[in-house]
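Novice: My file is target.pdb. It has PDB, C-alpha atoms:
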```pdb
ATOM      1  CA  MET A  15    -147.037 -32.162 256.482
ATOM      2  CA  LEU A  16    -143.483 -31.115 255.661
ATOM      3  CA  SER A  17    -141.162 -30.577 258.569
ATOM      4  CA  SER A  18    -139.490 -27.172 258.789
ATOM      5  CA  THR A  19    -136.158 -28.716 259.749
ATOM      6  CA  PHE A  20    -134.057 -30.136 256.984
ATOM      7  CA  GLN A  21    -130.530 -31.181 256.147
ATOM      8  CA  ILE A  22    -128.605 -30.736 252.918
ATOM      9  CA  ARG A  23    -126.604 -33.689 251.669
ATOM     10  CA  GLU A  24    -125.305 -35.172 248.450
ATOM     11  CA  LEU A  25    -127.822 -36.737 246.097
ATOM     12  CA  PHE A  26    -127.561 -40.501 245.655
ATOM     13  CA  ASN A  27    -128.874 -42.351 242.613
ATOM     14  CA  ALA A  28    -131.750 -43.721 244.689
ATOM     15  CA  ASP A  29    -132.922 -40.136 245.316
ATOM     16  CA  TRP A  30    -133.439 -39.361 241.652
ATOM     17  CA  PRO A  31    -137.172 -40.243 241.346
ATOM     18  CA  ALA A  32    -138.061 -38.038 244.356
ATOM     19  CA  THR A  33    -135.682 -35.327 243.136
ATOM     20  CA  TRP A  34    -137.110 -35.390 239.613
ATOM     21  CA  ALA A  35    -140.543 -34.911 241.231
ATOM     22  CA  VAL A  36    -139.189 -31.601 242.580
ATOM     23  CA  ILE A  37    -137.419 -30.599 239.351
ATOM     24  CA  GLU A  38    -140.143 -31.527 236.872
ATOM     25  CA  PRO A  39    -142.714 -28.910 238.020
ATOM     26  CA  ALA A  40    -140.005 -26.238 237.778
ATOM     27  CA  PHE A  41    -139.005 -27.183 234.207
ATOM     28  CA  ARG A  42    -142.490 -27.760 232.718
ATOM     29  CA  PRO A  43    -143.864 -24.167 232.747
ATOM     30  CA  GLY A  44    -140.826 -22.830 230.862
ATOM     31  CA  THR A  45    -140.796 -19.593 232.844
ATOM     32  CA  THR A  46    -137.428 -19.738 234.603
ATOM     33  CA  PHE A  47    -135.252 -22.375 232.889
ATOM     34  CA  PRO A  48    -134.298 -22.461 229.203
ATOM     35  CA  HIS A  49    -134.556 -26.250 228.935
ATOM     36  CA  PRO A  50    -137.200 -27.774 226.673
ATOM     37  CA  GLN A  51    -140.521 -27.898 228.516
ATOM     38  CA  ASP A  52    -140.954 -31.533 227.483
ATOM     39  CA  ILE A  53    -137.556 -32.555 228.902
ATOM     40  CA  THR A  54    -137.396 -36.172 230.084
ATOM     41  CA  SER A  55    -136.224 -37.413 233.459
ATOM     42  CA  GLU A  56    -133.177 -38.917 231.745
ATOM     43  CA  ALA A  57    -132.176 -35.667 230.030
ATOM     44  CA  ALA A  58    -132.698 -33.745 233.261
ATOM     45  CA  TYR A  59    -130.473 -36.219 235.104
ATOM     46  CA  GLU A  60    -127.700 -35.555 232.589
ATOM     47  CA  ILE A  61    -127.910 -31.817 233.321
ATOM     48  CA  TRP A  62    -128.371 -32.070 237.055
ATOM     49  CA  ALA A  63    -126.302 -34.949 238.284
ATOM     50  CA  ALA A  64    -124.098 -36.502 235.598
ATOM     51  CA  GLY A  65    -120.610 -35.784 234.335
ATOM     52  CA  SER A  66    -118.718 -33.173 236.315
ATOM     53  CA  ALA A  67    -121.803 -32.106 238.284
ATOM     54  CA  LYS A  68    -122.195 -32.806 241.994
ATOM     55  CA  ALA A  69    -125.852 -32.754 243.045
ATOM     56  CA  TYR A  70    -127.365 -32.201 246.470
ATOM     57  CA  VAL A  71    -130.778 -32.445 248.088
ATOM     58  CA  ALA A  72    -132.485 -30.701 250.983
ATOM     59  CA  GLU A  73    -134.208 -33.464 252.920
ATOM     60  CA  ASP A  74    -136.709 -33.165 255.757
ATOM     61  CA  GLU A  75    -136.703 -35.319 258.892
ATOM     62  CA  SER A  76    -138.837 -38.002 257.288
ATOM     63  CA  GLY A  77    -136.657 -38.231 254.190
ATOM     64  CA  GLY A  78    -138.840 -36.084 251.918
ATOM     65  CA  ILE A  79    -136.961 -34.118 249.237
ATOM     66  CA  LEU A  80    -137.672 -30.378 249.628
ATOM     67  CA  GLY A  81    -135.150 -29.016 247.181
ATOM     68  CA  THR A  82    -132.094 -29.776 245.112
ATOM     69  CA  TYR A  83    -129.116 -28.078 243.568
ATOM     70  CA  TYR A  84    -126.088 -28.918 241.433
ATOM     71  CA  LEU A  85    -122.536 -27.596 241.526
ATOM     72  CA  LYS A  86    -120.190 -27.909 238.542
ATOM     73  CA  PRO A  87    -117.399 -26.108 236.699
ATOM     74  CA  ASN A  88    -118.824 -23.351 234.542
ATOM     75  CA  GLN A  89    -116.150 -23.861 231.900
ATOM     76  CA  PRO A  90    -113.554 -26.556 231.277
ATOM     77  CA  GLY A  91    -109.804 -26.149 231.711
ATOM     78  CA  ARG A  92    -108.669 -22.584 232.310
ATOM     79  CA  GLY A  93    -112.182 -21.451 233.200
ATOM     80  CA  SER A  94    -112.830 -24.288 235.662
ATOM     81  CA  HIS A  95    -112.049 -22.240 238.799
ATOM     82  CA  VAL A  96    -115.492 -20.634 238.388
ATOM     83  CA  CYS A  97    -118.405 -22.847 239.348
ATOM     84  CA  ASN A  98    -122.017 -22.819 238.297
ATOM     85  CA  CYS A  99    -125.050 -23.855 240.358
ATOM     86  CA  ALA A 100    -128.793 -24.094 239.918
ATOM     87  CA  TYR A 101    -131.349 -24.533 242.686
ATOM     88  CA  ILE A 102    -134.936 -25.754 242.758
ATOM     89  CA  VAL A 103    -137.282 -25.804 245.757
ATOM     90  CA  SER A 104    -140.409 -27.924 245.866
ATOM     91  CA  SER A 105    -143.516 -25.768 245.486
ATOM     92  CA  ALA A 106    -144.798 -27.328 248.730
ATOM     93  CA  ALA A 107    -141.723 -26.115 250.625
ATOM     94  CA  ARG A 108    -141.625 -22.439 249.683
ATOM     95  CA  GLY A 109    -141.027 -19.827 252.367
ATOM     96  CA  MET A 110    -138.809 -22.042 254.520
ATOM     97  CA  GLY A 111    -135.571 -20.414 253.416
ATOM     98  CA  ILE A 112    -134.457 -23.529 251.569
ATOM     99  CA  ALA A 113    -133.099 -21.691 248.521
ATOM    100  CA  SER A 114    -130.998 -19.418 250.747
ATOM    101  CA  LYS A 115    -129.704 -22.339 252.762
ATOM    102  CA  MET A 116    -128.875 -24.344 249.623
ATOM    103  CA  CYS A 117    -127.068 -21.343 248.114
ATOM    104  CA  GLU A 118    -125.007 -20.834 251.269
ATOM    105  CA  HIS A 119    -124.288 -24.563 251.409
ATOM    106  CA  SER A 120    -123.187 -24.539 247.780
ATOM    107  CA  GLN A 121    -120.754 -21.682 248.436
ATOM    108  CA  ARG A 122    -119.106 -23.632 251.263
ATOM    109  CA  GLU A 123    -118.941 -26.773 249.110
ATOM    110  CA  ALA A 124    -117.514 -24.778 246.215
ATOM    111  CA  LEU A 125    -114.751 -23.308 248.371
ATOM    112  CA  GLN A 126    -113.873 -26.781 249.621
ATOM    113  CA  GLU A 127    -113.723 -27.985 246.030
ATOM    114  CA  GLY A 128    -111.249 -25.205 245.245
ATOM    115  CA  TYR A 129    -113.476 -22.877 243.222
ATOM    116  CA  ARG A 130    -112.710 -19.147 243.412
ATOM    117  CA  SER A 131    -116.084 -17.779 242.379
ATOM    118  CA  MET A 132    -119.626 -18.732 241.444
ATOM    119  CA  GLN A 133    -121.499 -17.654 238.343
ATOM    120  CA  PHE A 134    -125.152 -17.966 237.351
ATOM    121  CA  ASN A 135    -125.323 -17.818 233.570
ATOM    122  CA  PHE A 136    -129.011 -17.478 232.988
ATOM    123  CA  VAL A 137    -131.152 -15.688 235.590
ATOM    124  CA  VAL A 138    -134.334 -14.642 233.804
ATOM    125  CA  SER A 139    -134.963 -10.963 234.612
ATOM    126  CA  THR A 140    -138.677 -11.507 235.209
ATOM    127  CA  ASN A 141    -137.808 -14.012 237.966
ATOM    128  CA  THR A 142    -137.496 -11.079 240.355
ATOM    129  CA  GLY A 143    -137.684 -13.185 243.514
ATOM    130  CA  ALA A 144    -134.594 -15.098 242.471
ATOM    131  CA  VAL A 145    -132.728 -11.952 241.381
ATOM    132  CA  ARG A 146    -133.409 -10.297 244.742
ATOM    133  CA  LEU A 147    -132.439 -13.396 246.698
ATOM    134  CA  TRP A 148    -129.110 -13.781 244.896
ATOM    135  CA  GLN A 149    -128.371 -10.104 245.394
ATOM    136  CA  LYS A 150    -129.152 -10.434 249.108
ATOM    137  CA  LEU A 151    -126.685 -13.339 249.220
ATOM    138  CA  GLY A 152    -123.925 -11.215 247.704
ATOM    139  CA  PHE A 153    -124.242 -11.868 243.970
ATOM    140  CA  GLU A 154    -123.937  -9.004 241.503
ATOM    141  CA  ILE A 155    -125.350  -8.664 238.019
ATOM    142  CA  VAL A 156    -122.230  -8.656 235.803
ATOM    143  CA  GLY A 157    -124.013  -9.017 232.477
ATOM    144  CA  THR A 158    -127.379  -8.404 230.826
ATOM    145  CA  LEU A 159    -128.199 -10.589 227.819
ATOM    146  CA  PRO A 160    -130.705  -8.693 225.684
ATOM    147  CA  GLU A 161    -133.929 -10.639 225.064
ATOM    148  CA  ALA A 162    -132.144 -13.941 225.641
ATOM    149  CA  PHE A 163    -135.217 -15.740 227.047
ATOM    150  CA  ASP A 164    -138.473 -16.399 225.219
ATOM    151  CA  HIS A 165    -140.864 -16.144 228.156
ATOM    152  CA  PRO A 166    -144.165 -17.967 227.525
ATOM    153  CA  GLU A 167    -146.194 -14.988 228.807
ATOM    154  CA  ASN A 168    -143.915 -11.956 228.493
ATOM    155  CA  GLY A 169    -142.162 -12.691 225.194
ATOM    156  CA  TYR A 170    -138.461 -11.966 224.785
ATOM    157  CA  VAL A 171    -137.037 -10.764 228.092
ATOM    158  CA  ASP A 172    -133.529  -9.993 229.302
ATOM    159  CA  VAL A 173    -131.417 -12.479 231.197
ATOM    160  CA  TYR A 174    -128.829 -11.659 233.850
ATOM    161  CA  VAL A 175    -125.411 -13.156 234.433
ATOM    162  CA  MET A 176    -124.729 -13.021 238.180
ATOM    163  CA  HIS A 177    -121.421 -13.508 239.977
ATOM    164  CA  LYS A 178    -119.937 -13.729 243.453
ATOM    165  CA  SER A 179    -116.327 -14.102 244.522
ATOM    166  CA  LEU A 180    -115.940 -16.851 247.110
ATOM    167  CA  LEU A 181    -112.606 -15.554 248.380
ATOM    168  CA  GLY A 182    -114.144 -12.912 250.655
TER     169      GLY A 182
ATOM    170  CA  MET B   8     -98.191 -20.797 199.359
ATOM    171  CA  LEU B   9    -101.726 -20.074 200.497
ATOM    172  CA  SER B  10    -104.027 -18.423 198.029
ATOM    173  CA  SER B  11    -105.653 -15.175 199.148
ATOM    174  CA  THR B  12    -109.010 -16.163 197.676
ATOM    175  CA  PHE B  13    -111.154 -18.510 199.661
ATOM    176  CA  GLN B  14    -114.675 -19.763 200.028
ATOM    177  CA  ILE B  15    -116.608 -20.590 203.155
ATOM    178  CA  ARG B  16    -118.649 -23.786 203.155
ATOM    179  CA  GLU B  17    -119.981 -26.398 205.538
ATOM    180  CA  LEU B  18    -117.487 -28.790 207.093
ATOM    181  CA  PHE B  19    -117.786 -32.418 206.012
ATOM    182  CA  ASN B  20    -116.515 -35.331 208.084
ATOM    183  CA  ALA B  21    -113.651 -35.819 205.639
ATOM    184  CA  ASP B  22    -112.442 -32.287 206.459
ATOM    185  CA  TRP B  23    -111.927 -33.022 210.133
ATOM    186  CA  PRO B  24    -108.205 -33.982 210.073
ATOM    187  CA  ALA B  25    -107.277 -30.793 208.177
ATOM    188  CA  THR B  26    -109.630 -28.750 210.358
ATOM    189  CA  TRP B  27    -108.217 -30.199 213.570
ATOM    190  CA  ALA B  28    -104.773 -29.165 212.279
ATOM    191  CA  VAL B  29    -106.083 -25.575 212.330
ATOM    192  CA  ILE B  30    -107.850 -25.910 215.694
ATOM    193  CA  GLU B  31    -105.140 -27.769 217.612
ATOM    194  CA  PRO B  32    -102.541 -24.938 217.574
ATOM    195  CA  ALA B  33    -105.237 -22.542 218.853
ATOM    196  CA  PHE B  34    -106.254 -24.811 221.760
ATOM    197  CA  ARG B  35    -102.777 -25.963 222.899
ATOM    198  CA  PRO B  36    -101.366 -22.661 224.263
ATOM    199  CA  GLY B  37    -104.395 -22.131 226.524
ATOM    200  CA  THR B  38    -104.390 -18.376 225.958
ATOM    201  CA  THR B  39    -107.743 -17.778 224.293
ATOM    202  CA  PHE B  40    -109.963 -20.855 224.835
ATOM    203  CA  PRO B  41    -110.940 -22.371 228.187
ATOM    204  CA  HIS B  42    -110.726 -25.968 226.963
ATOM    205  CA  PRO B  43    -108.101 -28.280 228.451
ATOM    206  CA  GLN B  44    -104.776 -27.707 226.716
ATOM    207  CA  ASP B  45    -104.387 -31.469 226.234
ATOM    208  CA  ILE B  46    -107.789 -31.808 224.533
ATOM    209  CA  THR B  47    -107.983 -34.662 222.023
ATOM    210  CA  SER B  48    -109.156 -34.476 218.438
ATOM    211  CA  GLU B  49    -112.229 -36.502 219.430
ATOM    212  CA  ALA B  50    -113.209 -34.171 222.280
ATOM    213  CA  ALA B  51    -112.651 -31.135 220.061
ATOM    214  CA  TYR B  52    -114.893 -32.658 217.388
ATOM    215  CA  GLU B  53    -117.674 -33.009 219.974
ATOM    216  CA  ILE B  54    -117.422 -29.284 220.756
ATOM    217  CA  TRP B  55    -116.935 -28.057 217.239
ATOM    218  CA  ALA B  56    -119.031 -30.193 214.965
ATOM    219  CA  ALA B  57    -121.264 -32.656 216.832
ATOM    220  CA  GLY B  58    -124.756 -32.463 218.263
ATOM    221  CA  SER B  59    -126.599 -29.262 217.474
ATOM    222  CA  ALA B  60    -123.504 -27.540 216.079
ATOM    223  CA  LYS B  61    -123.079 -26.730 212.400
ATOM    224  CA  ALA B  62    -119.427 -26.308 211.466
ATOM    225  CA  TYR B  63    -117.891 -24.468 208.524
ATOM    226  CA  VAL B  64    -114.476 -24.091 206.942
ATOM    227  CA  ALA B  65    -112.738 -21.368 204.959
ATOM    228  CA  GLU B  66    -111.043 -23.165 202.082
ATOM    229  CA  ASP B  67    -108.518 -21.812 199.597
ATOM    230  CA  GLU B  68    -108.526 -22.553 195.875
ATOM    231  CA  SER B  69    -106.440 -25.685 196.285
ATOM    232  CA  GLY B  70    -108.633 -27.091 199.057
ATOM    233  CA  GLY B  71    -106.448 -26.023 201.985
ATOM    234  CA  ILE B  72    -108.311 -25.241 205.224
ATOM    235  CA  LEU B  73    -107.551 -21.663 206.323
ATOM    236  CA  GLY B  74    -110.068 -21.333 209.112
ATOM    237  CA  THR B  75    -113.132 -22.818 210.718
ATOM    238  CA  TYR B  76    -116.136 -21.841 212.822
ATOM    239  CA  TYR B  77    -119.154 -23.420 214.436
ATOM    240  CA  LEU B  78    -122.701 -22.128 214.865
ATOM    241  CA  LYS B  79    -125.051 -23.560 217.491
ATOM    242  CA  PRO B  80    -127.833 -22.606 219.889
ATOM    243  CA  ASN B  81    -126.379 -20.929 222.965
ATOM    244  CA  GLN B  82    -129.086 -22.413 225.191
ATOM    245  CA  PRO B  83    -131.710 -25.114 224.706
ATOM    246  CA  GLY B  84    -135.451 -24.534 224.490
ATOM    247  CA  ARG B  85    -136.542 -21.019 225.339
ATOM    248  CA  GLY B  86    -133.024 -19.661 224.953
ATOM    249  CA  SER B  87    -132.390 -21.291 221.573
ATOM    250  CA  HIS B  88    -133.134 -18.176 219.500
ATOM    251  CA  VAL B  89    -129.684 -16.893 220.503
ATOM    252  CA  CYS B  90    -126.783 -18.578 218.733
ATOM    253  CA  ASN B  91    -123.183 -18.997 219.718
ATOM    254  CA  CYS B  92    -120.153 -19.166 217.416
ATOM    255  CA  ALA B  93    -116.414 -19.598 217.727
ATOM    256  CA  TYR B  94    -113.844 -18.947 215.009
ATOM    257  CA  ILE B  95    -110.263 -20.073 214.462
ATOM    258  CA  VAL B  96    -107.918 -18.965 211.682
ATOM    259  CA  SER B  97    -104.799 -20.906 210.750
ATOM    260  CA  SER B  98    -101.678 -19.086 211.938
ATOM    261  CA  ALA B  99    -100.396 -19.287 208.345
ATOM    262  CA  ALA B 100    -103.452 -17.397 207.076
ATOM    263  CA  ARG B 101    -103.529 -14.366 209.380
ATOM    264  CA  GLY B 102    -104.085 -10.916 207.921
ATOM    265  CA  MET B 103    -106.313 -12.098 205.074
ATOM    266  CA  GLY B 104    -109.538 -10.994 206.744
ATOM    267  CA  ILE B 105    -110.687 -14.568 207.223
ATOM    268  CA  ALA B 106    -112.034 -14.060 210.751
ATOM    269  CA  SER B 107    -114.107 -11.078 209.588
ATOM    270  CA  LYS B 108    -115.435 -12.959 206.600
ATOM    271  CA  MET B 109    -116.295 -16.016 208.691
ATOM    272  CA  CYS B 110    -118.076 -13.841 211.260
ATOM    273  CA  GLU B 111    -120.119 -12.096 208.552
ATOM    274  CA  HIS B 112    -120.873 -15.479 206.973
ATOM    275  CA  SER B 113    -121.990 -16.860 210.332
ATOM    276  CA  GLN B 114    -124.392 -13.951 210.849
ATOM    277  CA  ARG B 115    -126.049 -14.621 207.480
ATOM    278  CA  GLU B 116    -126.262 -18.347 208.217
ATOM    279  CA  ALA B 117    -127.669 -17.635 211.677
ATOM    280  CA  LEU B 118    -130.399 -15.401 210.269
ATOM    281  CA  GLN B 119    -131.320 -18.102 207.758
ATOM    282  CA  GLU B 120    -131.492 -20.632 210.593
ATOM    283  CA  GLY B 121    -133.938 -18.360 212.401
ATOM    284  CA  TYR B 122    -131.707 -17.036 215.176
ATOM    285  CA  ARG B 123    -132.429 -13.520 216.464
ATOM    286  CA  SER B 124    -129.043 -12.690 217.954
ATOM    287  CA  MET B 125    -125.508 -13.965 218.422
ATOM    288  CA  GLN B 126    -123.633 -14.223 221.696
ATOM    289  CA  PHE B 127    -119.988 -14.946 222.478
ATOM    290  CA  ASN B 128    -119.824 -16.300 226.016
ATOM    291  CA  PHE B 129    -116.134 -16.252 226.679
ATOM    292  CA  VAL B 130    -113.980 -13.603 224.993
ATOM    293  CA  VAL B 131    -110.788 -13.380 227.042
ATOM    294  CA  SER B 132    -110.115  -9.689 227.743
ATOM    295  CA  THR B 133    -106.404  -9.989 226.958
ATOM    296  CA  ASN B 134    -107.295 -11.198 223.446
ATOM    297  CA  THR B 135    -107.556  -7.551 222.405
ATOM    298  CA  GLY B 136    -107.382  -8.254 218.677
ATOM    299  CA  ALA B 137    -110.509 -10.388 218.890
ATOM    300  CA  VAL B 138    -112.342  -7.900 221.129
ATOM    301  CA  ARG B 139    -111.636  -5.058 218.696
ATOM    302  CA  LEU B 140    -112.623  -7.141 215.675
ATOM    303  CA  TRP B 141    -115.959  -8.172 217.185
ATOM    304  CA  GLN B 142    -116.671  -4.566 218.176
ATOM    305  CA  LYS B 143    -115.875  -3.436 214.635
ATOM    306  CA  LEU B 144    -118.372  -6.038 213.394
ATOM    307  CA  GLY B 145    -121.119  -4.663 215.632
ATOM    308  CA  PHE B 146    -120.821  -6.719 218.796
ATOM    309  CA  GLU B 147    -121.107  -5.061 222.183
ATOM    310  CA  ILE B 148    -119.689  -6.125 225.528
ATOM    311  CA  VAL B 149    -122.814  -6.957 227.578
ATOM    312  CA  GLY B 150    -121.050  -8.611 230.495
ATOM    313  CA  THR B 151    -117.691  -8.744 232.230
ATOM    314  CA  LEU B 152    -116.897 -11.941 234.143
ATOM    315  CA  PRO B 153    -114.362 -11.067 236.837
ATOM    316  CA  GLU B 154    -111.163 -13.126 236.648
ATOM    317  CA  ALA B 155    -112.985 -15.912 234.817
ATOM    318  CA  PHE B 156    -109.941 -17.051 232.810
ATOM    319  CA  ASP B 157    -106.689 -18.406 234.217
ATOM    320  CA  HIS B 158    -104.285 -17.046 231.613
ATOM    321  CA  PRO B 159    -101.017 -18.991 231.461
ATOM    322  CA  GLU B 160     -98.944 -15.796 231.451
ATOM    323  CA  ASN B 161    -101.187 -13.094 232.935
ATOM    324  CA  GLY B 162    -102.963 -15.031 235.690
ATOM    325  CA  TYR B 163    -106.662 -14.491 236.376
ATOM    326  CA  VAL B 164    -108.062 -12.090 233.802
ATOM    327  CA  ASP B 165    -111.563 -10.864 233.009
ATOM    328  CA  VAL B 166    -113.696 -12.383 230.286
ATOM    329  CA  TYR B 167    -116.265 -10.559 228.181
ATOM    330  CA  VAL B 168    -119.699 -11.669 227.055
ATOM    331  CA  MET B 169    -120.371 -10.068 223.661
ATOM    332  CA  HIS B 170    -123.670  -9.774 221.830
ATOM    333  CA  LYS B 171    -125.138  -8.598 218.551
ATOM    334  CA  SER B 172    -128.747  -8.489 217.434
ATOM    335  CA  LEU B 173    -129.169  -9.990 213.943
ATOM    336  CA  LEU B 174    -132.482  -8.276 213.295
ATOM    337  CA  GLY B 175    -130.944  -4.958 212.217
TER     338      GLY B 175
END
```
Render the structure in this file as structure tokens.
Specialist:
Amino acid sequence: MLSSTFQIRELFNADWPATWAVIEPAFRPGTTFPHPQDITSEAAYEIWAAGSAKAYVAEDESGGILGTYYLKPNQPGRGSHVCNCAYIVSSAARGMGIASKMCEHSQREALQEGYRSMQFNFVVSTNTGAVRLWQKLGFEIVGTLPEAFDHPENGYVDVYVMHKSLLG
Amino acid sequence: MLSSTFQIRELFNADWPATWAVIEPAFRPGTTFPHPQDITSEAAYEIWAAGSAKAYVAEDESGGILGTYYLKPNQPGRGSHVCNCAYIVSSAARGMGIASKMCEHSQREALQEGYRSMQFNFVVSTNTGAVRLWQKLGFEIVGTLPEAFDHPENGYVDVYVMHKSLLG
């Protein structure tokens, strides 16, 4: 039984196996992320937690990983004041508001890190729950990429670029 | 004296020093590309010609490099039917239509490689010559990223996402 109270903290290397167990079921169906459906744990680690990325986990009272997100510069150099994040919630922990809480947490972290705004580069338009949630949290659709995602059931579908200023 | 006739062909490793001599003056001012202004030749090679990228050069009759571009998937997996390109023309070879010719060449190559469309992720809005050229060549602005580029003279300026279907 998952507890409904949780904390969000930085991911440590020792968390990776439990975190990958949350990420893997989100990557395998190929319905929301563009990454190869057969991505390995190692390749996912490179995307999620290596290089310039800072990764976080939502952890319940008994240390179970309920969700994870990363925060990194969206571009190098003169584009590095805009950050990029991605969030995944364990299928067992849906409906607890974890995605919202992680997104709010990431905005506070991003401000502390000196970012001015946050951009999601690749929100699949058929992922309507995510689109609505980001809009509720203040993100706007600033771009529509025609047929940029090859959805396994729906074929080529549009992708949104979403953006929020962190400066209020 | 540069010849006004040129051919476009794939970049070979031996071309890199002459190609870097074209790229370096475009990266150093920090006015059109987001990459760090102090980027090294090695780091630029990783962006331009390594991994999944195919790189090309525009070469004059005497073997001088007048311009260069890369072509690569814009996303992995289920986003990999959209390609991304970037083009640089030597400052000594402006006004010869090399950017246009490279862009047209890249669209033919992209179609042959099986891509369905081409996307430019980061066209700085103050780079009006580039914006107009891409529009003339059939690209549309599909997104506007607010203040996504820290221009060394103009401060935070918008960036465009531009897109063209290759399927006609």
Novice: What is the distance between atom CA of Phe127 of chain B and atom CA of Ile15 of chain B, in Å to one decimal?
Specialist: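 So the two atoms, atom CA of Phe127 of chain B and atom CA of Ile15 of chain B, lie 20.4 Å apart.
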Novice: Find the residue from B:Gly37, B:Pro80, B:Gly70, B:Gly121 that sits nearest to chain A; use only C-alpha atoms when measuring.
Specialist: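 Using only C-alpha atoms, the shortest distance to chain A belongs to B:Gly37.
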Novice: Write out as a ChimeraX atom specification every residue belonging to chain B that has an atom at most 7 Å from any atom of chain A, counting all atoms listed in the file.
Specialist: /B:41-43,82-86,89,149-152,155-157
Novice: Using only C-alpha atoms, please write the residues we just selected to a file, as a CSV table (one decimal), in the frame of the given file.
Specialist:
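Written file, result_25.csv:
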```csv
chain,number,residue,atom,x,y,z
B,41,PRO,CA,-110.9,-22.4,228.2
B,42,HIS,CA,-110.7,-26.0,227.0
B,43,PRO,CA,-108.1,-28.3,228.5
B,82,GLN,CA,-129.1,-22.4,225.2
B,83,PRO,CA,-131.7,-25.1,224.7
B,84,GLY,CA,-135.5,-24.5,224.5
B,85,ARG,CA,-136.5,-21.0,225.3
B,86,GLY,CA,-133.0,-19.7,225.0
B,89,VAL,CA,-129.7,-16.9,220.5
B,149,VAL,CA,-122.8,-7.0,227.6
B,150,GLY,CA,-121.0,-8.6,230.5
B,151,THR,CA,-117.7,-8.7,232.2
B,152,LEU,CA,-116.9,-11.9,234.1
B,155,ALA,CA,-113.0,-15.9,234.8
B,156,PHE,CA,-109.9,-17.1,232.8
B,157,ASP,CA,-106.7,-18.4,234.2
```
Novice: Could you check which of A:Glu127, A:Val103, A:Trp34, A:Ser139 is closest to Ala67 of chain A, using only C-alpha atoms?
Specialist: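 Result for the nearest residue to Ala67 of chain A: A:Glu127.
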Novice: In Å, with one decimal, what is the gap from atom CA of Leu151 of chain A to atom CA of Tyr84 of chain A?
Specialist: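 Between atom CA of Leu151 of chain A and atom CA of Tyr84 of chain A the gap works out to 17.4 Å.
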Novice: Let me make sure I understand: among A:Gly152, A:Gly143, A:Gly78, A:Pro43, which one has the smallest atom-to-atom distance to Phe20 of chain A if we use only C-alpha atoms?
Specialist: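 Distance minimum relative to Phe20 of chain A lands on A:Gly78.
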Novice: Selected by the PyMOL selection byres ((chain A and resi 110) around 10) in the shown coordinates: which residues, as a list in words?
Specialist: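 Selected by the PyMOL selection byres ((chain A and resi 110) around 10) here: Ser17, Ser18, Thr19, Phe20, Leu80, Val103, Ala106, Ala107, Arg108, Gly109, Gly111, Ile112, Ala113, Ser114 and Lys115 of chain A.
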Novice: Rounded to one decimal, what separation in Å do you get between atom CA of Ser105 of chain A and atom CA of Asp172 of chain A?
Specialist: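 These atoms are spaced 24.7 Å apart.
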Novice: Since the input lacks atoms, please generate N, CA, C and O atoms for segment 66-74 of chain B and provide them as a PDB file, in the coordinates of the input.
Specialist:
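Contents of the output file out10.pdb:
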```
ATOM      1  N   GLU B  66    -111.868 -22.269 202.895  1.00  0.00           N
ATOM      2  CA  GLU B  66    -111.043 -23.165 202.082  1.00  0.00           C
ATOM      3  C   GLU B  66    -110.421 -22.369 200.943  1.00  0.00           C
ATOM      4  O   GLU B  66    -111.126 -21.597 200.284  1.00  0.00           O
ATOM      5  N   ASP B  67    -109.133 -22.538 200.720  1.00  0.00           N
ATOM      6  CA  ASP B  67    -108.518 -21.812 199.597  1.00  0.00           C
ATOM      7  C   ASP B  67    -108.738 -22.569 198.289  1.00  0.00           C
ATOM      8  O   ASP B  67    -109.360 -23.641 198.264  1.00  0.00           O
ATOM      9  N   GLU B  68    -108.216 -22.001 197.201  1.00  0.00           N
ATOM     10  CA  GLU B  68    -108.526 -22.553 195.875  1.00  0.00           C
ATOM     11  C   GLU B  68    -108.028 -23.982 195.684  1.00  0.00           C
ATOM     12  O   GLU B  68    -108.565 -24.730 194.878  1.00  0.00           O
ATOM     13  N   SER B  69    -106.974 -24.329 196.424  1.00  0.00           N
ATOM     14  CA  SER B  69    -106.440 -25.685 196.285  1.00  0.00           C
ATOM     15  C   SER B  69    -106.979 -26.633 197.358  1.00  0.00           C
ATOM     16  O   SER B  69    -106.468 -27.737 197.526  1.00  0.00           O
ATOM     17  N   GLY B  70    -108.016 -26.196 198.073  1.00  0.00           N
ATOM     18  CA  GLY B  70    -108.633 -27.091 199.057  1.00  0.00           C
ATOM     19  C   GLY B  70    -107.996 -27.042 200.432  1.00  0.00           C
ATOM     20  O   GLY B  70    -108.358 -27.844 201.304  1.00  0.00           O
ATOM     21  N   GLY B  71    -107.055 -26.142 200.655  1.00  0.00           N
ATOM     22  CA  GLY B  71    -106.448 -26.023 201.985  1.00  0.00           C
ATOM     23  C   GLY B  71    -107.402 -25.346 202.954  1.00  0.00           C
ATOM     24  O   GLY B  71    -108.115 -24.406 202.580  1.00  0.00           O
ATOM     25  N   ILE B  72    -107.424 -25.816 204.207  1.00  0.00           N
ATOM     26  CA  ILE B  72    -108.311 -25.241 205.224  1.00  0.00           C
ATOM     27  C   ILE B  72    -107.587 -24.072 205.908  1.00  0.00           C
ATOM     28  O   ILE B  72    -106.546 -24.250 206.540  1.00  0.00           O
ATOM     29  N   LEU B  73    -108.170 -22.875 205.761  1.00  0.00           N
ATOM     30  CA  LEU B  73    -107.551 -21.663 206.323  1.00  0.00           C
ATOM     31  C   LEU B  73    -108.179 -21.273 207.658  1.00  0.00           C
ATOM     32  O   LEU B  73    -107.566 -20.536 208.441  1.00  0.00           O
ATOM     33  N   GLY B  74    -109.388 -21.709 207.880  1.00  0.00           N
ATOM     34  CA  GLY B  74    -110.068 -21.333 209.112  1.00  0.00           C
ATOM     35  C   GLY B  74    -111.325 -22.162 209.269  1.00  0.00           C
ATOM     36  O   GLY B  74    -111.718 -22.912 208.353  1.00  0.00           O
TER      37      GLY B  74
END
```
